[in-house]
file target36.txt (compact mmCIF, C-alpha atoms)
# COMPACT_ATOMS: atom_id res chain seq x y z
CA MET Y 1 8.38 -5.76 10.68
CA THR Y 2 10.36 -3.13 9.03
CA SER Y 3 13.78 -2.81 7.68
CA SER Y 4 15.69 0.29 7.04
CA TYR Y 5 17.52 0.63 3.80
CA SER Y 6 21.00 -0.67 3.79
CA LEU Y 7 22.59 2.41 5.14
CA PRO Y 8 26.20 2.44 6.23
CA LYS Y 9 26.83 0.02 9.07
CA SER Y 10 26.92 2.90 11.43
CA ILE Y 11 23.40 3.78 10.53
CA ILE Y 12 21.93 0.37 10.61
CA ALA Y 13 23.15 -0.33 14.01
CA SER Y 14 22.10 1.97 16.61
CA LEU Y 15 21.49 5.45 17.55
CA LEU Y 16 21.01 6.18 14.08
CA GLY Y 17 17.35 6.04 14.34
CA MET Y 18 17.76 9.16 16.29
CA ILE Y 19 19.40 11.43 13.83
CA VAL Y 20 21.20 9.84 11.03
CA SER Y 21 18.57 7.68 9.47
CA THR Y 22 16.30 9.77 7.38
CA SER Y 23 13.38 7.54 8.01
CA ALA Y 24 10.44 9.64 8.95
CA LEU Y 25 10.20 10.46 12.58
CA SER Y 26 6.58 10.05 12.09
CA ALA Y 27 5.52 6.84 13.67
CA ASP Y 28 2.60 5.70 11.61
CA ILE Y 29 1.52 9.06 10.23
CA ALA Y 30 3.66 8.34 7.19
CA HIS Y 31 1.88 5.04 6.75
CA LYS Y 32 -1.49 6.74 7.05
CA LEU Y 33 -0.50 9.31 4.48
CA ARG Y 34 1.05 6.82 2.10
CA ASN Y 35 -1.95 4.58 2.11
CA ASN Y 36 -4.41 7.42 1.91
CA THR Y 37 -5.93 6.54 5.26
CA GLN Y 38 -6.57 10.01 6.53
CA ASP Y 39 -10.23 9.22 6.22
CA LYS Y 40 -10.20 8.15 9.85
CA THR Y 41 -9.35 4.50 9.67
CA ALA Y 42 -8.11 2.28 12.44
CA THR Y 43 -4.89 0.32 12.38
CA GLU Y 44 -5.52 -2.33 9.79
CA ASN Y 45 -4.63 -5.98 9.64
CA TYR Y 46 -2.18 -6.62 6.88
CA PHE Y 47 1.27 -7.90 6.07
CA GLU Y 48 3.63 -7.13 3.21
CA LEU Y 49 7.09 -8.15 2.06
CA GLY Y 50 9.29 -6.39 -0.42
CA LEU Y 51 12.61 -5.12 -1.58
CA GLY Y 52 13.84 -1.55 -1.37
CA VAL Y 53 16.80 0.34 -2.73
CA GLY Y 54 18.04 3.74 -1.69
CA ILE Y 55 20.77 6.32 -1.90
CA GLY Y 56 21.57 9.21 0.37
CA ALA Y 57 23.98 11.19 2.46
CA ALA Y 58 24.13 11.17 6.25
CA PRO Y 59 26.49 11.48 9.19
CA SER Y 60 28.37 8.26 9.84
CA LEU Y 61 29.72 6.67 12.99
CA THR Y 62 32.30 4.55 11.19
CA ASP Y 63 32.68 5.60 7.55
CA ASP Y 64 34.68 8.55 6.29
CA ASP Y 65 32.23 8.95 3.44
CA ASP Y 66 28.82 10.43 4.13
CA LYS Y 67 27.33 8.96 0.94
CA TRP Y 68 25.59 5.64 1.04
CA ALA Y 69 23.65 3.34 -1.26
CA GLY Y 70 22.09 0.00 -0.65
CA ALA Y 71 19.20 -2.41 -0.75
CA SER Y 72 17.32 -4.39 1.83
CA TRP Y 73 14.22 -6.42 2.49
CA ILE Y 74 11.11 -4.60 3.63
CA ILE Y 75 8.72 -6.20 6.06
CA ASN Y 76 5.66 -4.15 6.99
CA GLY Y 77 2.61 -5.18 8.92
CA SER Y 78 0.06 -4.32 11.53
CA TYR Y 79 -2.63 -6.10 13.49
CA ASN Y 80 -5.52 -4.65 15.45
CA TRP Y 81 -7.59 -6.58 17.96
CA ASN Y 82 -10.21 -4.78 20.03
CA GLY Y 83 -8.16 -1.64 20.22
CA LEU Y 84 -4.89 -3.41 20.95
CA PHE Y 85 -2.50 -3.14 18.05
CA ILE Y 86 0.97 -3.95 16.88
CA GLU Y 87 2.59 -1.92 14.11
CA LYS Y 88 5.75 -2.27 12.16
CA TYR Y 89 6.09 0.10 9.24
CA GLY Y 90 9.17 0.53 7.12
CA GLU Y 91 8.51 4.20 6.73
CA SER Y 92 8.28 4.78 10.48
CA SER Y 93 11.14 5.59 12.83
CA ASP Y 94 9.72 3.14 15.35
CA PRO Y 95 10.98 -0.36 14.57
CA LEU Y 96 8.11 -1.98 16.45
CA LEU Y 97 5.18 -0.42 18.23
CA LEU Y 98 2.64 -1.97 20.57
CA GLY Y 99 -0.35 0.13 21.44
CA TYR Y 100 -3.87 0.54 22.67
CA ASN Y 101 -6.40 2.84 21.10
CA ALA Y 102 -7.85 4.64 24.12
CA TYR Y 103 -10.07 7.10 22.31
CA GLU Y 104 -11.55 7.47 18.88
CA GLY Y 105 -13.50 10.58 18.09
CA GLU Y 106 -14.82 12.25 14.99
CA ASN Y 107 -11.53 13.98 14.29
CA TRP Y 108 -9.08 12.81 16.94
CA SER Y 109 -7.63 9.51 18.02
CA LEU Y 110 -5.49 8.83 21.11
CA ASP Y 111 -3.21 5.82 21.38
CA VAL Y 112 -1.11 4.62 24.29
CA VAL Y 113 2.03 3.21 22.74
CA MET Y 114 5.18 1.39 23.71
CA GLY Y 115 8.14 0.17 21.71
CA PRO Y 116 11.90 -0.25 21.56
CA LYS Y 117 14.01 2.52 20.11
CA PHE Y 118 17.67 3.05 19.32
CA GLY Y 119 20.26 0.39 19.93
CA GLY Y 120 23.78 -0.70 20.71
CA LEU Y 121 27.24 0.46 19.73
CA HIS Y 122 29.18 -2.78 19.77
CA PHE Y 123 28.58 -3.57 16.13
CA ASN Y 124 31.99 -2.08 15.36
CA ASP Y 125 35.41 -2.60 16.98
CA LYS Y 126 35.85 1.15 17.15
CA PHE Y 127 33.38 1.19 20.04
CA LYS Y 128 34.32 -2.04 21.82
CA GLU Y 129 35.95 -0.22 24.73
CA LEU Y 130 32.89 1.94 25.28
CA ASP Y 131 29.96 0.91 27.42
CA ASP Y 132 27.33 -0.52 25.14
CA ARG Y 133 24.16 1.46 24.62
CA ASN Y 134 21.05 -0.61 25.19
CA SER Y 135 17.73 -0.08 23.56
CA SER Y 136 15.25 2.27 25.19
CA ASN Y 137 11.68 1.16 25.74
CA MET Y 138 9.68 4.25 24.95
CA PHE Y 139 6.24 4.45 26.56
CA GLY Y 140 3.80 7.28 25.99
CA ALA Y 141 0.88 8.68 24.06
CA ARG Y 142 0.20 9.41 20.42
CA LEU Y 143 -2.52 11.85 19.45
CA THR Y 144 -3.64 11.90 15.83
CA GLY Y 145 -5.93 14.55 14.43
CA TYR Y 146 -7.72 14.65 11.08
CA LEU Y 147 -8.15 18.32 10.27
CA GLY Y 148 -9.54 18.86 6.83
CA ASP Y 149 -7.10 17.39 4.38
CA ASN Y 150 -4.29 17.37 6.93
CA VAL Y 151 -3.24 14.73 9.41
CA VAL Y 152 -1.58 15.97 12.58
CA GLN Y 153 0.25 13.68 14.95
CA LEU Y 154 1.69 14.61 18.33
CA SER Y 155 3.57 12.15 20.47
CA LEU Y 156 5.28 12.18 23.82
CA LYS Y 157 7.25 9.15 25.01
CA HIS Y 158 9.53 8.35 27.92
CA ASP Y 159 12.01 5.52 28.39
CA ILE Y 160 10.74 3.04 30.97
CA SER Y 161 13.53 0.52 30.52
CA GLY Y 162 15.84 2.44 32.81
CA ASN Y 163 18.56 2.67 30.21
CA SER Y 164 18.42 6.21 28.88
CA HIS Y 165 15.62 7.59 31.10
CA GLY Y 166 15.07 9.92 28.17
CA THR Y 167 12.04 11.70 26.79
CA LEU Y 168 11.14 12.10 23.17
CA ALA Y 169 8.46 14.35 21.66
CA SER Y 170 7.37 14.98 18.11
CA ALA Y 171 4.88 17.06 16.18
CA LEU Y 172 4.10 16.22 12.58
CA VAL Y 173 1.68 17.39 9.97
CA GLY Y 174 1.09 15.78 6.62
CA ARG Y 175 -1.38 15.38 3.83
CA ASN Y 176 -1.91 13.22 0.80
CA TRP Y 177 -3.50 13.77 -2.52
CA GLN Y 178 -4.48 11.51 -5.37
CA VAL Y 179 -3.60 12.05 -9.01
CA ARG Y 180 -5.32 9.29 -10.95
CA ASN Y 181 -4.13 6.12 -9.16
CA TRP Y 182 -0.93 7.77 -7.92
CA ASN Y 183 -1.04 8.61 -4.22
CA PHE Y 184 1.27 11.46 -3.27
CA HIS Y 185 2.02 12.52 0.28
CA SER Y 186 4.03 15.17 2.06
CA LEU Y 187 5.05 15.47 5.67
CA VAL Y 188 6.88 18.01 7.80
CA GLY Y 189 7.63 17.97 11.49
CA VAL Y 190 9.94 18.49 14.40
CA GLN Y 191 11.26 16.07 16.97
CA PHE Y 192 12.66 16.83 20.38
CA PHE Y 193 15.27 14.73 22.18
CA ASP Y 194 15.98 15.56 25.78
CA SER Y 195 19.51 15.65 27.19
CA ARG Y 196 19.17 12.23 28.84
CA ILE Y 197 18.63 10.49 25.52
CA ASN Y 198 21.43 12.40 23.86
CA ASP Y 199 23.74 11.83 26.80
CA TYR Y 200 23.09 8.10 26.95
CA TYR Y 201 23.54 7.48 23.23
CA TYR Y 202 25.98 10.19 22.12
CA GLY Y 203 27.69 11.19 25.32
CA ILE Y 204 31.06 9.96 26.58
CA ASN Y 205 31.29 9.70 30.33
CA GLU Y 206 34.36 10.21 32.48
CA ALA Y 207 35.16 6.51 32.79
CA GLU Y 208 34.86 5.94 29.05
CA ALA Y 209 37.03 8.95 28.31
CA GLN Y 210 39.76 7.65 30.60
CA ARG Y 211 39.99 4.20 29.05
CA THR Y 212 39.46 5.12 25.37
CA GLN Y 213 40.58 7.70 22.85
CA PHE Y 214 37.14 9.36 22.96
CA THR Y 215 36.95 12.69 24.76
CA LYS Y 216 34.37 13.36 27.43
CA TYR Y 217 31.12 14.75 26.03
CA ASP Y 218 27.89 15.80 27.73
CA PRO Y 219 25.34 16.78 25.11
CA GLY Y 220 22.24 18.79 25.85
CA SER Y 221 18.81 18.49 24.29
CA ASN Y 222 18.06 19.19 20.65
CA PHE Y 223 15.40 19.58 17.97
CA ASN Y 224 15.46 18.00 14.53
CA ALA Y 225 13.27 19.07 11.64
CA THR Y 226 12.14 16.68 8.95
CA ALA Y 227 10.42 16.85 5.59
CA GLU Y 228 9.29 14.09 3.29
CA VAL Y 229 7.53 13.70 -0.02
CA GLY Y 230 6.58 10.40 -1.58
CA VAL Y 231 4.37 8.53 -3.96
CA THR Y 232 2.66 5.16 -3.76
CA TYR Y 233 1.18 3.34 -6.73
CA PRO Y 234 -0.79 0.06 -6.78
CA LEU Y 235 0.59 -2.05 -9.62
CA THR Y 236 -1.84 -4.91 -9.01
CA GLU Y 237 -4.09 -6.03 -6.17
CA ASN Y 238 -0.97 -7.27 -4.37
CA TRP Y 239 2.03 -5.36 -5.67
CA VAL Y 240 2.73 -1.81 -4.53
CA PHE Y 241 5.41 0.59 -5.75
CA ARG Y 242 6.72 3.35 -3.47
CA SER Y 243 9.23 6.12 -3.78
CA THR Y 244 10.21 8.65 -1.13
CA ALA Y 245 12.56 11.60 -0.75
CA ARG Y 246 13.47 12.66 2.79
CA PHE Y 247 15.32 15.49 4.39
CA LYS Y 248 16.25 15.84 8.03
CA THR Y 249 18.30 18.36 9.91
CA VAL Y 250 21.00 17.14 12.27
CA SER Y 251 21.80 19.29 15.27
CA ASP Y 252 25.23 20.43 16.33
CA THR Y 253 24.51 18.80 19.67
CA ASP Y 254 24.70 15.42 17.98
CA MET Y 255 27.48 16.22 15.55
CA LYS Y 256 29.83 17.36 18.29
CA SER Y 257 29.80 13.86 19.72
CA PRO Y 258 33.24 12.28 19.31
CA ILE Y 259 31.74 8.98 18.28
CA PHE Y 260 30.95 10.30 14.79
CA GLU Y 261 33.48 9.67 12.04
CA THR Y 262 31.78 11.88 9.48
CA THR Y 263 29.45 14.74 10.31
CA ARG Y 264 26.82 16.59 8.34
CA SER Y 265 24.23 19.20 9.17
CA ASN Y 266 21.52 17.13 7.52
CA ALA Y 267 20.58 13.70 6.25
CA ILE Y 268 18.97 13.18 2.88
CA SER Y 269 17.77 10.09 1.08
CA LEU Y 270 15.91 8.91 -1.96
CA SER Y 271 14.42 5.45 -1.78
CA THR Y 272 12.13 3.24 -3.80
CA SER Y 273 10.57 -0.12 -3.12
CA LEU Y 274 8.39 -2.86 -4.46
CA THR Y 275 6.30 -4.83 -1.97
CA TYR Y 276 3.84 -7.71 -2.09
CA VAL Y 277 0.79 -7.29 0.13
CA PHE Y 278 -0.67 -10.52 1.48
CA MET G 279 -39.72 -71.65 -49.55
CA LEU G 280 -40.12 -68.95 -52.17
CA THR G 281 -42.85 -67.38 -50.14
CA LEU G 282 -40.63 -67.33 -47.07
CA LEU G 283 -37.78 -65.78 -49.04
CA ARG G 284 -40.11 -63.08 -50.38
CA ILE G 285 -41.36 -62.32 -46.87
CA LYS G 286 -37.76 -62.01 -45.62
CA THR G 287 -36.88 -59.78 -48.59
CA ILE G 288 -39.89 -57.59 -47.86
CA LYS G 289 -38.93 -57.39 -44.17
CA ILE G 290 -35.37 -56.42 -45.08
CA ALA G 291 -36.67 -53.86 -47.52
CA LEU G 292 -38.98 -52.45 -44.86
CA LEU G 293 -36.14 -52.38 -42.34
CA VAL G 294 -33.85 -50.61 -44.79
CA GLY G 295 -36.69 -48.22 -45.54
CA HIS G 296 -37.12 -47.51 -41.85
CA LEU G 297 -33.40 -47.00 -41.46
CA ILE G 298 -33.35 -44.61 -44.38
CA THR G 299 -36.34 -42.77 -42.96
CA VAL G 300 -34.68 -42.50 -39.53
CA CYS G 301 -31.42 -41.38 -41.11
CA CYS G 302 -33.24 -38.82 -43.20
CA PHE G 303 -35.11 -37.58 -40.15
CA MET G 304 -31.89 -37.33 -38.15
CA ALA G 305 -30.19 -35.58 -41.03
CA THR G 306 -33.07 -33.17 -41.30
CA ASN G 307 -33.02 -32.63 -37.56
CA ASN G 308 -29.27 -32.01 -37.59
CA ALA G 309 -29.68 -29.62 -40.43
CA TYR G 310 -32.39 -27.85 -38.48
CA ALA G 311 -30.26 -27.77 -35.34
CA SER G 312 -27.24 -26.47 -37.15
CA SER G 313 -29.36 -23.90 -38.86
CA THR G 314 -30.74 -22.81 -35.46
CA ASP G 315 -27.18 -22.55 -34.07
CA ASN G 316 -26.22 -20.39 -36.98
CA ILE G 317 -29.07 -18.09 -36.25
CA LYS G 318 -28.14 -17.98 -32.56
CA THR G 319 -24.52 -17.22 -33.39
CA ALA G 320 -25.56 -14.65 -35.85
CA ASN G 321 -27.72 -12.91 -33.26
CA THR G 322 -25.17 -13.04 -30.46
CA ALA G 323 -23.84 -9.62 -29.67
CA GLN G 324 -20.39 -9.21 -28.22
CA LEU G 325 -19.21 -6.50 -25.85
CA LYS G 326 -15.67 -6.39 -24.55
CA VAL G 327 -13.68 -3.93 -22.48
CA SER G 328 -9.93 -3.65 -22.18
CA PRO G 329 -8.10 -3.45 -19.85
CA LYS G 330 -10.43 -5.31 -17.59
CA LYS G 331 -9.66 -4.41 -13.97
CA CYS G 332 -9.17 -1.10 -12.14
CA ILE G 333 -6.83 -1.20 -9.14
CA ALA G 334 -6.96 1.43 -6.38
CA LEU G 335 -4.62 1.62 -3.43
CA ARG G 336 -7.33 1.58 -0.79
CA LYS G 337 -10.91 0.48 -0.45
CA GLY G 338 -13.26 3.39 -1.02
CA GLN G 339 -10.77 5.35 -3.07
CA LYS G 340 -11.75 6.46 -6.57
CA CYS G 341 -10.15 4.27 -9.20
CA TYR G 342 -9.06 5.60 -12.59
CA LEU G 343 -8.66 3.56 -15.76
CA GLU G 344 -8.52 4.42 -19.46
CA VAL G 345 -10.53 1.70 -21.18
CA VAL G 346 -11.72 0.85 -24.69
CA PHE G 347 -15.10 -0.79 -25.25
CA SER G 348 -15.52 -2.79 -28.43
CA TRP G 349 -18.77 -4.36 -29.58
CA GLN G 350 -20.20 -6.13 -32.59
CA HIS G 351 -23.52 -7.49 -33.76
CA SER G 352 -24.58 -9.39 -36.85
CA THR G 353 -27.33 -6.94 -37.64
CA VAL G 354 -26.89 -3.36 -38.65
CA SER G 355 -29.03 -1.24 -36.38
CA ASP G 356 -28.99 1.59 -33.82
CA TYR G 357 -27.18 0.59 -30.64
CA CYS G 358 -26.18 2.24 -27.39
CA LEU G 359 -23.51 1.46 -24.81
CA VAL G 360 -25.08 1.85 -21.39
CA ASN G 361 -23.62 1.97 -17.89
CA ILE G 362 -26.09 -0.26 -16.07
CA THR G 363 -24.72 0.69 -12.64
CA THR G 364 -25.39 4.38 -13.12
CA ASN G 365 -28.12 3.87 -15.73
CA GLU G 366 -26.45 6.29 -18.14
CA LYS G 367 -26.17 6.06 -21.90
CA MET G 368 -22.51 6.51 -22.69
CA LYS G 369 -22.49 6.43 -26.47
CA CYS G 370 -24.90 5.57 -29.30
CA TRP G 371 -24.24 4.43 -32.86
CA GLN G 372 -26.65 4.73 -35.82
CA HIS G 373 -26.84 2.03 -38.50
CA GLN G 374 -23.78 0.19 -37.29
CA ALA G 375 -22.90 -3.46 -36.64
CA LYS G 376 -19.76 -2.81 -34.61
CA GLY G 377 -18.02 -0.02 -32.80
CA GLU G 378 -15.36 1.11 -30.35
CA TYR G 379 -15.44 3.67 -27.58
CA SER G 380 -12.63 5.05 -25.44
CA PHE G 381 -13.68 5.92 -21.94
CA ASP G 382 -12.01 7.37 -18.85
CA PHE G 383 -13.40 5.16 -16.10
CA GLN G 384 -13.59 6.79 -12.65
CA SER G 385 -15.41 5.06 -9.84
CA THR G 386 -15.11 3.69 -6.33
CA LEU G 387 -17.20 0.63 -7.25
CA SER G 388 -17.31 -2.02 -9.91
CA ASN G 389 -19.52 -0.97 -12.84
CA ASP G 390 -21.56 -3.09 -15.27
CA PHE G 391 -22.03 -2.11 -18.89
CA ALA G 392 -24.35 -3.35 -21.63
CA LEU G 393 -25.00 -3.05 -25.34
CA ARG G 394 -28.64 -2.29 -26.09
CA TYR G 395 -30.81 -1.38 -29.02
CA GLN G 396 -31.23 2.36 -28.88
CA ASN G 397 -34.83 2.30 -27.76
CA SER G 398 -34.68 -0.81 -25.66
CA THR G 399 -33.91 -1.65 -22.07
CA SER G 400 -32.90 -5.25 -22.86
CA ASN G 401 -29.24 -6.07 -22.68
CA LEU G 402 -27.82 -7.65 -25.82
CA ALA G 403 -24.41 -8.20 -24.23
CA GLN G 404 -22.83 -7.28 -20.91
CA THR G 405 -19.39 -6.70 -19.48
CA ARG G 406 -17.94 -5.38 -16.22
CA ILE G 407 -15.08 -3.24 -15.00
CA PRO G 408 -14.27 -4.60 -11.53
CA VAL G 409 -12.72 -2.19 -9.02
CA ALA G 410 -10.20 -3.88 -6.74
CA TRP G 411 -7.85 -2.47 -4.13
CA VAL G 412 -4.71 -3.36 -2.25
CA TYR G 413 -5.47 -2.28 1.31
CA LYS G 414 -8.75 -3.06 3.00
CA SER G 415 -9.41 -0.95 6.07
CA SER G 416 -12.21 -0.67 8.54
CA LYS G 417 -13.78 2.63 9.41
CA ARG G 418 -13.20 3.99 12.87
CA ALA G 419 -16.00 4.02 15.34
CA LYS G 420 -17.23 7.42 16.39
CA SER G 421 -16.39 8.92 19.74
CA THR G 422 -15.65 5.90 21.83
CA TRP G 423 -13.56 5.85 24.95
CA ARG G 424 -11.96 2.58 25.82
CA LEU G 425 -11.38 1.61 29.42
CA PHE G 426 -8.26 -0.24 30.50

call {"tool": "encode", "arguments": {"input": "target36.txt", "output": "structure tokens"}}
result
Amino acid sequence: MTSSYSLPKSIIASLLGMIVSTSALSADIAHKLRNNTQDKTATENYFELGLGVGIGAAPSLTDDDDKWAGASWIINGSYNWNGLFIEKYGESSDPLLLGYNAYEGENWSLDVVMGPKFGGLHFNDKFKELDDRNSSNMFGARLTGYLGDNVVQLSLKHDISGNSHGTLASALVGRNWQVRNWNFHSLVGVQFFDSRINDYYYGINEAEAQRTQFTKYDPGSNFNATAEVGVTYPLTENWVFRSTARFKTVSDTDMKSPIFETTRSNAISLSTSLTYVF
Amino acid sequence: MLTLLRIKTIKIALLVGHLITVCCFMATNNAYASSTDNIKTANTAQLKVSPKKCIALRKGQKCYLEVVFSWQHSTVSDYCLVNITTNEKMKCWQHQAKGEYSFDFQSTLSNDFALRYQNSTSNLAQTRIPVAWVYKSSKRAKSTWRLF
């Protein structure tokens, strides 16, 4: 139930979740921090709709300009039933997440999660001769710890769809603080992509290289670092204002891929939104 | 015939007399009622707070709101503004019939306030600052393993 900001087409479409989009790689830790839920709360039942605008700079698959600006609808929501939950947060890098809360302790919570990630390439004619990249279905575990004023989240997921066969890991730490009714949050972390994920989404195999202008490319694994600061303010009982600045490093492993039109060593964005909570 | 006419005239006179008496009684009553209302109005204290509602992002979070209380009473006396929820006197006025008070409200719960005579526990007028929130969440259970 999310929507990324209207990034360049290249970003909206596919792999971008991986590196180009500056959306937090944080699964729902960003949501927890934004909504001041580090006081050990379960996935809640709620739904919200809104409109967001953003500007930024990021690598692009199709545009020769790395700057972007746009607006899009925001659809956030989550539902929890006896430990089973579904999450869709605009601030998360996971477009949709199904999960089961296996353990809840005083300071730690363990979820088994599954959800689609990444996407296709055939949104642009530039890639029509390439094999399309299908979505991965990432299955794994998410461990969330509440340590003092900090929230720590570790996750390890593997593709079970058979498309990328890749593995993804992340470690994030964040905290929030309240100034009057303004709720600030900050988040830093690293994310690891193994070579299978990078190869499936950014690589060019022998057959593709022979029939297209793209050169053969076999990427290895890589780490990305991310940082985020934001603020959330309740305007009324139903209307919420948010603003977020994000920074993310982009590895050379990704930028050497011939599918990119414009490369950068990082992705940055500044976004703001207004949502109605039902 | 004359006798009959006289009797009728007397009856009419009596009837008119009764009507006048009833009218007078009603008029007196109305006057009394309106006088009572005036007294009631005069003794009615007013206590208002603005803005009215405090909005927090999440249930359980402390809510902050700069408010102004304004009160008035027909009688000059010694009054106090009291937080009924916390049972604290916030501000007192001596020999006043009205007043204002700016207050930095900070609470996780709705609070009730009242205007009282300084040495009284009776509320002359009441108002409330409701605390509302956007997200309602449930607390996690402690240390529970779930089995598949």

call {"tool": "residues_around", "arguments": {"input": "target36.txt", "residues": "Asn183 of chain Y", "least_positions_apart": "4", "cutoff": "7 Å", "atoms": "all atoms listed in the file", "output": "CSV table (one decimal) with C-alpha atoms, in the frame of the given file"}}
result
chain,number,residue,atom,x,y,z
Y,34,ARG,CA,1.0,6.8,2.1
Y,176,ASN,CA,-1.9,13.2,0.8
Y,177,TRP,CA,-3.5,13.8,-2.5
Y,178,GLN,CA,-4.5,11.5,-5.4
Y,179,VAL,CA,-3.6,12.0,-9.0
Y,231,VAL,CA,4.4,8.5,-4.0
Y,232,THR,CA,2.7,5.2,-3.8
Y,233,TYR,CA,1.2,3.3,-6.7

call {"tool": "residues_around", "arguments": {"input": "target36.txt", "residues": "Glu344 of chain G", "least_positions_apart": "6", "cutoff": "6 Å", "atoms": "all atoms listed in the file", "output": "list in words"}}
result
Phe381, Asp382 and Phe383 of chain G

call {"tool": "residues_around", "arguments": {"input": "target36.txt", "residues": "Asn397 of chain G", "least_positions_apart": "2", "cutoff": "9 Å", "atoms": "all atoms listed in the file", "output": "number ranges by chain"}}
result
G: 356-358, 394-395, 399

call {"tool": "residues_around", "arguments": {"input": "target36.txt", "residues": "Gly140 of chain Y", "least_positions_apart": "4", "cutoff": "8 Å", "atoms": "only C-alpha atoms", "output": "PyMOL selection string"}}
result
chain Y and resi 112-114+155-158

call {"tool": "atom_distance", "arguments": {"input": "target36.txt", "atom1": "atom CA of Ser257 of chain Y", "atom2": "atom CA of Leu154 of chain Y"}}
result
28.2 Å

call {"tool": "residues_near_point", "arguments": {"input": "target36.txt", "point": "(29.4, 10.5, 13.0)", "cutoff": "9 Å", "atoms": "all atoms listed in the file", "output": "PDB file with C-alpha atoms, in the frame of the given file"}}
result
ATOM      1  CA  SER Y  10      26.920   2.900  11.430  1.00  0.00           C
ATOM      2  CA  VAL Y  20      21.200   9.840  11.030  1.00  0.00           C
ATOM      3  CA  ALA Y  58      24.130  11.170   6.250  1.00  0.00           C
ATOM      4  CA  PRO Y  59      26.490  11.480   9.190  1.00  0.00           C
ATOM      5  CA  SER Y  60      28.370   8.260   9.840  1.00  0.00           C
ATOM      6  CA  LEU Y  61      29.720   6.670  12.990  1.00  0.00           C
ATOM      7  CA  THR Y  62      32.300   4.550  11.190  1.00  0.00           C
ATOM      8  CA  ASP Y  63      32.680   5.600   7.550  1.00  0.00           C
ATOM      9  CA  ASP Y  64      34.680   8.550   6.290  1.00  0.00           C
ATOM     10  CA  ASP Y  66      28.820  10.430   4.130  1.00  0.00           C
ATOM     11  CA  ASP Y 254      24.700  15.420  17.980  1.00  0.00           C
ATOM     12  CA  MET Y 255      27.480  16.220  15.550  1.00  0.00           C
ATOM     13  CA  LYS Y 256      29.830  17.360  18.290  1.00  0.00           C
ATOM     14  CA  SER Y 257      29.800  13.860  19.720  1.00  0.00           C
ATOM     15  CA  PRO Y 258      33.240  12.280  19.310  1.00  0.00           C
ATOM     16  CA  ILE Y 259      31.740   8.980  18.280  1.00  0.00           C
ATOM     17  CA  PHE Y 260      30.950  10.300  14.790  1.00  0.00           C
ATOM     18  CA  GLU Y 261      33.480   9.670  12.040  1.00  0.00           C
ATOM     19  CA  THR Y 262      31.780  11.880   9.480  1.00  0.00           C
ATOM     20  CA  THR Y 263      29.450  14.740  10.310  1.00  0.00           C
ATOM     21  CA  ARG Y 264      26.820  16.590   8.340  1.00  0.00           C
TER      22      ARG Y 264
END

call {"tool": "atom_distance", "arguments": {"input": "target36.txt", "atom1": "atom CA of Asp149 of chain Y", "atom2": "atom CA of Ser78 of chain Y"}}
result
24.0 Å

call {"tool": "atom_distance", "arguments": {"input": "target36.txt", "atom1": "atom CA of Arg196 of chain Y", "atom2": "atom CA of Asn101 of chain Y"}}
result
28.3 Å

call {"tool": "closest_residue", "arguments": {"input": "target36.txt", "among": "G:Val360, G:Ala323, G:Ile407, G:Ala334", "to": "chain Y", "atoms": "only C-alpha atoms"}}
result
G:Ala334

call {"tool": "build_atoms", "arguments": {"input": "target36.txt", "residues": "segment 192-201 of chain Y", "atoms": "N, CA and C atoms", "output": "CSV table (one decimal), in the frame of the given file"}}
result
chain,number,residue,atom,x,y,z
Y,192,PHE,N,11.8,16.3,19.3
Y,192,PHE,CA,12.7,16.8,20.4
Y,192,PHE,C,13.3,15.6,21.1
Y,193,PHE,N,14.6,15.7,21.4
Y,193,PHE,CA,15.3,14.7,22.2
Y,193,PHE,C,15.8,15.4,23.4
Y,194,ASP,N,15.5,14.9,24.6
Y,194,ASP,CA,16.0,15.6,25.8
Y,194,ASP,C,17.4,15.2,26.0
Y,195,SER,N,18.1,15.8,27.0
Y,195,SER,CA,19.5,15.6,27.2
Y,195,SER,C,19.8,14.2,27.7
Y,196,ARG,N,18.9,13.6,28.3
Y,196,ARG,CA,19.2,12.2,28.8
Y,196,ARG,C,19.3,11.2,27.7
Y,197,ILE,N,18.5,11.4,26.7
Y,197,ILE,CA,18.6,10.5,25.5
Y,197,ILE,C,19.9,10.8,24.8
Y,198,ASN,N,20.2,12.1,24.6
Y,198,ASN,CA,21.4,12.4,23.9
Y,198,ASN,C,22.7,12.0,24.7
Y,199,ASP,N,22.6,12.2,26.0
Y,199,ASP,CA,23.7,11.8,26.8
Y,199,ASP,C,24.0,10.3,26.8
Y,200,TYR,N,22.9,9.6,26.9
Y,200,TYR,CA,23.1,8.1,27.0
Y,200,TYR,C,23.7,7.6,25.6
Y,201,TYR,N,23.1,8.1,24.5
Y,201,TYR,CA,23.5,7.5,23.2
Y,201,TYR,C,24.7,8.2,22.6
